[in-house]
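Visitor: Quick one: the structure is below, questions incoming.
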There are 2 protein chains.
Amino acid sequence: MADDFKVTPWEVTGDIDYDVLMKRFGTAPIDDALLKRISKYAEPHPMLRRGIFYTHRDFNVILDEYEKGNKFYLYTGRGPSGNTHLGHIMPWIFNKWIQDTFDVNMLFQMTDDEKFLFKDLNVEDTRKMAYENALDFVALGFNPDKTKIIVDTENVKTLYPIALRVAKKVTYSTAKAVFGFDGESNIGRIFFTSMESAPAFLPSEIEGKPTNVLIPAGIDQDPHFRVTRDVAPGLKYPKPSLLYCKMCPGLNGGDKMSSSDENATIYTTDTPKQVKKKVGRAFTGGCVSVDEQREKGGNPEICAVFKYNYYLFEHDDAKLNEMADKCRRGEILCGECKVALTQKINVFLENHQAKREEAREIVKNMTFEGFKW
Amino acid sequence: MADDFKVTPWEVTGDIDYDVLMKRFGTAPIDDALLKRISKYAEPHPMLRRGIFYTHRDFNVILDEYEKGNKFYLYTGRGPSGNTHLGHIMPWIFNKWIQDTFDVNMLFQMTDDEKFLFKDLNVEDTRKMAYENALDFVALGFNPDKTKIIVDTENVKTLYPIALRVAKKVTYSTAKAVFGFDGESNIGRIFFTSMESAPAFLPSEIEGKPTNVLIPAGIDQDPHFRVTRDVAPGLKYPKPSLLYCKMCPGLNGGDKMSSSDENATIYTTDTPKQVKKKVGRAFTGGCVSVDEQREKGGNPEICAVFKYNYYLFEHDDAKLNEMADKCRRGEILCGECKVALTQKINVFLENHQAKREEAREIVKNMTFEGFKW
């Protein structure tokens with residue numbers, strides 16, 4: 001049963017067993033020793049402490065090099081296919097923490113080409129979405145002097161020569177095995193992974209010397225970066241290192257917040273009223289009656305409202321544990337938790353939406369190679 | 001036997017039967033009626049009269065539209081993998097004749113990405129070759145106000161959005177069937193045909209309305225343009241029209257002049273001495289002794305020296321026929337023909353090489369979108 005799920009960059013189905021997934025992909029756990037090593041630089045971010053960012057490839061190499069004085073680049077991205085929701089910004093928040101902690105340069109790739117090739121969208125749609133999504137990214141407060149946004153169709157002249165070198169080393173058989181392509185796959189999809197590899201090697205080109213890259217991202221992106229890492233030595237680039245997080249759950253109790261269920265998805269542009277309504281409908285697994293809930297208690301493990309506190313909105317571990325204990329003992333009811341979460345989300349969004357407006361100016365200076373939106 | 005040959009954009013093997021190839025590809029013959037129609041505009045170019053440009057797709061559509069006052073664009077190109085030889089410039093000479101006859105805009109695509117993906121060359125090699133090849137193209141005298149050179153890696157920002165739209169409509173199964181790809185094919189090769197389609201649709205983007213495109217090229221390029229034509233209606237672009245020529249033969253008597261046999265290949269930068277040596281060694285099919293040749297006569301059909309007159313260097317049909325007759329009657333010997341051809345080629349190259357030097361300035365103004373070499 002635990003094997004009955006699928007995670008690819010374009011499809012997440014079934015109940016994900018993240019330990020099985022880690023073994024399937026062959027990534028390493030972020031264990032206590034690694035957390036301790038990270039503690040030298042900063043108190044580990046809640047997403048690390050709580051196992052949301054839970055697995056990695058060669059993060060130790062990044063730290064080894066950093067300790068020798070060799071700074072890495074951060075690289076993450078977004079496929080702009082719709083409005084930004086909380087599931088999207090979760091790993092970006094973590095990326096910002098890494099940038100702040102290590103004071104490093106960051107590349108943010110907008111794969112508008114990917115979304116055009118994989119979705120029923122035209123190039124103009126994906127370009128427009130890229131801008132909207134970029135505002136959310138910028139609103140999180142990345143260092144404007146050390147952060148550049150790449151839009152594939154805009155910055156393709158920079159990416160394409162690197163992508164070609166990647167593509168020359170990847171056979172159709174490999175792409176088929178890694179991504180599950182078949183005869184019906186369009187030839188753009190087959191090529192696309194080369195474009196997602198390119199920013200992993202771009203820092204070496206920018207710096208004029210082999211430069212390590214750390215990619216904190218959702219674990220669904222690992223198929224791309226397995227390819228990237230495989231071709232790196234042949235292209236004389238360092239293999240990128242990865243920090244992978246679990247998917248941000250949906251309010252419906254599902255494993256992944258997804259725009260395919262609008263009611264279970266909180267967008268960064270939602271109004272307080274919309275948030276209240278969506279959180280109000282969230283899956284908690286609570287009992288049908290107040291009396292029953294008081295008696296039997298709730299189950300935070302399956303409760304979407306608790307998960308949102310766990311993933312994003314309650315950074316204080318003591319408070320989080322207290323919340324879980326009270327729930328289990330029936331001392332707090334689902335309605336109360338929903339009201340509290342609604343308030344937390346709305347406080348976050350009020351601030352975020354203000355920053356998002358300010359981002360309209362800042363984003364102009366964060367685009368790569370002088371490209372203007 | 002006649003079926004025992006292969007013609008793809010990347011491989012020509014066996015003895016080509018051009019009539020069989022036309023049927024295999026499903027193109028139409030350039031017949032007397034079409035030649036007569038062309039005569040309204042100019043005396044048909046020797047390459048048309050002699051069946052070197054011998055087959056087409058929808059050339060009549062180009063003329064129909066032209067007669068309604070709708071000008072077409074010309075589009076042809078070059079994969080820059082080495083120095084330019086006479087086989088390369090043959091179809092360019094024809095393109096110039098079309099440009100002069102119809103006074104139309106021309107796009108010349110340098111597929112440096114293709115050559116990187118298909119040959120053991122790096123991106124820097126193919127870029128350098130693109131420049132050298134462009135000099136030869138420009139030297140032929142294309143109208144500098146109506147001709148633009150596109151280099152794929154330089155102008156990818158313009159081509160990529162169109163290429164993506166093509167790629168989205170082409171499945172791996174189609175690419176496999178058309179080009180013969182297999183699991184070992186790299187994913188860049190699989191995608192590449194989208195980049196060769198892009199300039200066929202670019203004129204509609206430049207003009208802001210559906211604009212017909214005529215592509216005079218070697219028939220080995222037809223697989224690409226079958227794909228281009230198939231996807232055109234779905235992208236709301238006119239299908240490009242094609243005029244195809246036979247491959248320029250080698251001096252060794254082979255079907256295609258190729259850099260793989262340097263001695264059978266005349267480069268545009270060859271010295272008079274090199275030309276003399278190469279033509280001196282050319283295959284004529286002549287007899288071993290002068291007496292035998294005088295008695296039995298020669299066979300112009302298999303003679304590379306005659307073919308060079310036929311394809312490129314003797315535009316006067318009467319003189320060409322006289323040459324063939326004299327050969328058959330043993331009145332002219334292979335040595336004499338070789339001396340005469342050497343002289344013609346050297347006169348051509350002396351002029352071409354001077355124009356080629358002048359092209360170093362002109363080429364700067366013929367690059368697409370202000371790109372500088």
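Ligands are numbered from 1 in the order shown, chains are lettered A, B, ... in the order of the structure tokens, and residues start at 1 in each chain.
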Counting only C-alpha atoms, a student should be able to say which residues of chain B come within 9 Å of chain A; what is the right answer, written as a PyMOL selection string?
Guide: chain B and resi 113+116-118+122-123+153-157+160-161+163-176+181-192+194
Visitor: Find the residues around stretch 247-249 of chain B up to 12 Å (only C-alpha atoms counted), leave out those fewer than 5 positions away in its own chain, and share them as a PyMOL selection string.
Guide: chain B and resi 7-9+11-13+15-18+21+47+51-54+85-91+217-221+254-259+261+264-266+282-283+301-312
Visitor: Skip B:Phe25 itself and residues of its chain fewer than 4 positions away, then list as a PyMOL selection string all residues within 9 Å of it, counting only C-alpha atoms.
Guide: chain B and resi 20-21+222-223+226
Visitor: I want to know what sits within 7 Å of stretch 57-63 of chain B, based on only C-alpha atoms, with residues of the same chain fewer than 5 positions away left out; could you give that as a list of chain:residue names?
Guide: B:Thr27, B:Ala28, B:Phe72, B:Asn212, B:Ser241, B:Leu242, B:Leu243
Visitor: Can you spit out the residues from that selection as a tab-separated table (two decimals), in the first residue's frame, using N, CA, C and O atoms?
Guide:
chain	number	residue	atom	x	y	z
B	27	THR	N	6.56	14.56	-52.80
B	27	THR	CA	6.61	15.92	-53.35
B	27	THR	C	6.20	15.89	-54.83
B	27	THR	O	6.16	14.83	-55.44
B	28	ALA	N	5.91	17.06	-55.38
B	28	ALA	CA	5.44	17.14	-56.77
B	28	ALA	C	6.60	17.50	-57.70
B	28	ALA	O	7.51	18.23	-57.30
B	72	PHE	N	5.85	36.88	-50.59
B	72	PHE	CA	6.30	35.83	-49.68
B	72	PHE	C	7.66	36.19	-49.10
B	72	PHE	O	8.28	37.17	-49.52
B	212	ASN	N	3.15	33.97	-46.46
B	212	ASN	CA	3.69	32.76	-47.08
B	212	ASN	C	5.20	32.77	-47.09
B	212	ASN	O	5.83	33.84	-47.21
B	241	SER	N	5.96	26.70	-48.44
B	241	SER	CA	6.14	26.02	-49.72
B	241	SER	C	7.62	25.69	-49.88
B	241	SER	O	8.48	26.36	-49.31
B	242	LEU	N	7.88	24.65	-50.67
B	242	LEU	CA	9.24	24.18	-50.81
B	242	LEU	C	9.64	24.05	-52.26
B	242	LEU	O	8.83	23.67	-53.10
B	243	LEU	N	10.89	24.38	-52.56
B	243	LEU	CA	11.52	24.04	-53.83
B	243	LEU	C	12.78	23.25	-53.46
B	243	LEU	O	13.63	23.77	-52.74
Visitor: Looking only at strand (DSSP E or B) from DSSP on the backbone, list the matching residues of stretch 137-348 of chain B as a list in words.
Guide: Thr147, Lys148, Ile149, Ile150, Val151, Thr171, Asn186, Val213, Leu214, Ile215, Pro216, Ala217, Gly218, Ser241, Leu242, Leu243, Tyr244, Cys245 and Tyr267 of chain B
Visitor: Quick one: write out the picked residues with N, CA, C and O atoms as a tab-separated table (two decimals), in the first residue's frame?
Guide:
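Just written: again22.tsv:
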chain	number	residue	atom	x	y	z
B	147	THR	N	17.55	41.11	-46.37
B	147	THR	CA	18.08	39.81	-45.97
B	147	THR	C	18.54	39.85	-44.53
B	147	THR	O	19.26	40.79	-44.14
B	148	LYS	N	18.12	38.90	-43.75
B	148	LYS	CA	18.54	38.83	-42.36
B	148	LYS	C	19.09	37.44	-42.05
B	148	LYS	O	18.50	36.43	-42.46
B	149	ILE	N	20.20	37.42	-41.33
B	149	ILE	CA	20.81	36.16	-40.93
B	149	ILE	C	20.46	35.88	-39.47
B	149	ILE	O	20.66	36.72	-38.60
B	150	ILE	N	19.90	34.70	-39.24
B	150	ILE	CA	19.54	34.26	-37.90
B	150	ILE	C	20.56	33.22	-37.44
B	150	ILE	O	20.85	32.28	-38.19
B	151	VAL	N	21.10	33.39	-36.25
B	151	VAL	CA	21.96	32.36	-35.67
B	151	VAL	C	21.19	31.79	-34.48
B	151	VAL	O	20.83	32.53	-33.56
B	171	THR	N	4.73	14.79	-31.51
B	171	THR	CA	5.00	13.73	-30.54
B	171	THR	C	6.34	13.05	-30.83
B	171	THR	O	6.86	13.13	-31.95
B	186	ASN	N	19.92	11.73	-28.47
B	186	ASN	CA	19.88	12.69	-27.36
B	186	ASN	C	18.64	13.58	-27.49
B	186	ASN	O	18.10	13.77	-28.58
B	213	VAL	N	5.76	31.57	-47.01
B	213	VAL	CA	7.20	31.41	-46.98
B	213	VAL	C	7.59	30.35	-48.01
B	213	VAL	O	6.93	29.31	-48.11
B	214	LEU	N	8.62	30.66	-48.78
B	214	LEU	CA	9.16	29.70	-49.75
B	214	LEU	C	10.55	29.28	-49.28
B	214	LEU	O	11.39	30.14	-49.00
B	215	ILE	N	10.75	27.98	-49.22
B	215	ILE	CA	12.03	27.46	-48.75
B	215	ILE	C	12.70	26.69	-49.88
B	215	ILE	O	12.33	25.56	-50.16
B	216	PRO	N	13.65	27.29	-50.58
B	216	PRO	CA	14.44	26.54	-51.56
B	216	PRO	C	15.62	25.90	-50.83
B	216	PRO	O	16.41	26.59	-50.20
B	217	ALA	N	15.72	24.58	-50.90
B	217	ALA	CA	16.74	23.88	-50.09
B	217	ALA	C	17.02	22.51	-50.69
B	217	ALA	O	16.32	22.06	-51.61
B	218	GLY	N	18.03	21.87	-50.17
B	218	GLY	CA	18.32	20.50	-50.57
B	218	GLY	C	17.19	19.58	-50.12
B	218	GLY	O	16.61	19.78	-49.04
B	241	SER	N	5.96	26.70	-48.44
B	241	SER	CA	6.14	26.02	-49.72
B	241	SER	C	7.62	25.69	-49.88
B	241	SER	O	8.48	26.36	-49.31
B	242	LEU	N	7.88	24.65	-50.67
B	242	LEU	CA	9.24	24.18	-50.81
B	242	LEU	C	9.64	24.05	-52.26
B	242	LEU	O	8.83	23.67	-53.10
B	243	LEU	N	10.89	24.38	-52.56
B	243	LEU	CA	11.52	24.04	-53.83
B	243	LEU	C	12.78	23.25	-53.46
B	243	LEU	O	13.63	23.77	-52.74
B	244	TYR	N	12.85	22.02	-53.94
B	244	TYR	CA	13.97	21.16	-53.51
B	244	TYR	C	14.93	20.87	-54.64
B	244	TYR	O	14.51	20.57	-55.77
B	245	CYS	N	16.21	20.87	-54.29
B	245	CYS	CA	17.22	20.50	-55.29
B	245	CYS	C	17.87	19.17	-54.93
B	245	CYS	O	17.82	18.72	-53.80
B	267	TYR	N	36.36	23.97	-51.53
B	267	TYR	CA	35.93	24.97	-50.56
B	267	TYR	C	36.00	26.36	-51.18
B	267	TYR	O	36.81	26.60	-52.08
Visitor: Neighbouring residues of B:Ala324 were defined as those with any atom within 9 Å, considering only C-alpha atoms; residues of the same chain fewer than 5 positions away were excluded. Please report them as an mmCIF file with N, CA and C atoms, in the first residue's frame.
Guide:
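Written file, result-v4.cif:
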data_model
loop_
_atom_site.group_PDB
_atom_site.id
_atom_site.type_symbol
_atom_site.label_atom_id
_atom_site.label_comp_id
_atom_site.auth_asym_id
_atom_site.auth_seq_id
_atom_site.Cartn_x
_atom_site.Cartn_y
_atom_site.Cartn_z
ATOM 1 N N GLY B 298 33.719 9.465 -74.259
ATOM 2 C CA GLY B 298 33.506 9.464 -72.802
ATOM 3 C C GLY B 298 32.024 9.377 -72.445
ATOM 4 N N ASN B 299 31.765 9.434 -71.181
ATOM 5 C CA ASN B 299 30.383 9.294 -70.690
ATOM 6 C C ASN B 299 30.052 10.454 -69.745
ATOM 7 N N PRO B 300 29.506 11.550 -70.266
ATOM 8 C CA PRO B 300 29.240 12.730 -69.427
ATOM 9 C C PRO B 300 28.314 12.409 -68.251
ATOM 10 N N GLU B 301 27.433 11.430 -68.408
ATOM 11 C CA GLU B 301 26.463 11.124 -67.341
ATOM 12 C C GLU B 301 27.139 10.760 -66.013
ATOM 13 N N PHE B 306 31.936 17.008 -65.883
ATOM 14 C CA PHE B 306 30.751 17.435 -66.629
ATOM 15 C C PHE B 306 29.650 17.892 -65.672
ATOM 16 N N LYS B 319 26.272 25.425 -75.168
ATOM 17 C CA LYS B 319 27.682 25.071 -74.911
ATOM 18 C C LYS B 319 27.787 23.771 -74.118
ATOM 19 N N ARG B 329 31.874 11.762 -78.520
ATOM 20 C CA ARG B 329 32.525 11.434 -79.802
ATOM 21 C C ARG B 329 34.039 11.304 -79.653
#
Visitor: Would you mind telling me which residue in B:Thr101, B:Asn346, B:Thr111, B:Ser81 lies nearest to B:Asp125 when using only C-alpha atoms?
Guide: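 Using only C-alpha atoms, the shortest distance to B:Asp125 belongs to B:Ser81.
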Visitor: Taking only stretch 36-125 of chain B into account, list the residues labelled alpha helix (DSSP H) by DSSP (computed from the backbone), as number ranges by chain.
Guide: B: 36-39, 46-49, 59-67, 86-102, 112-118, 123-125
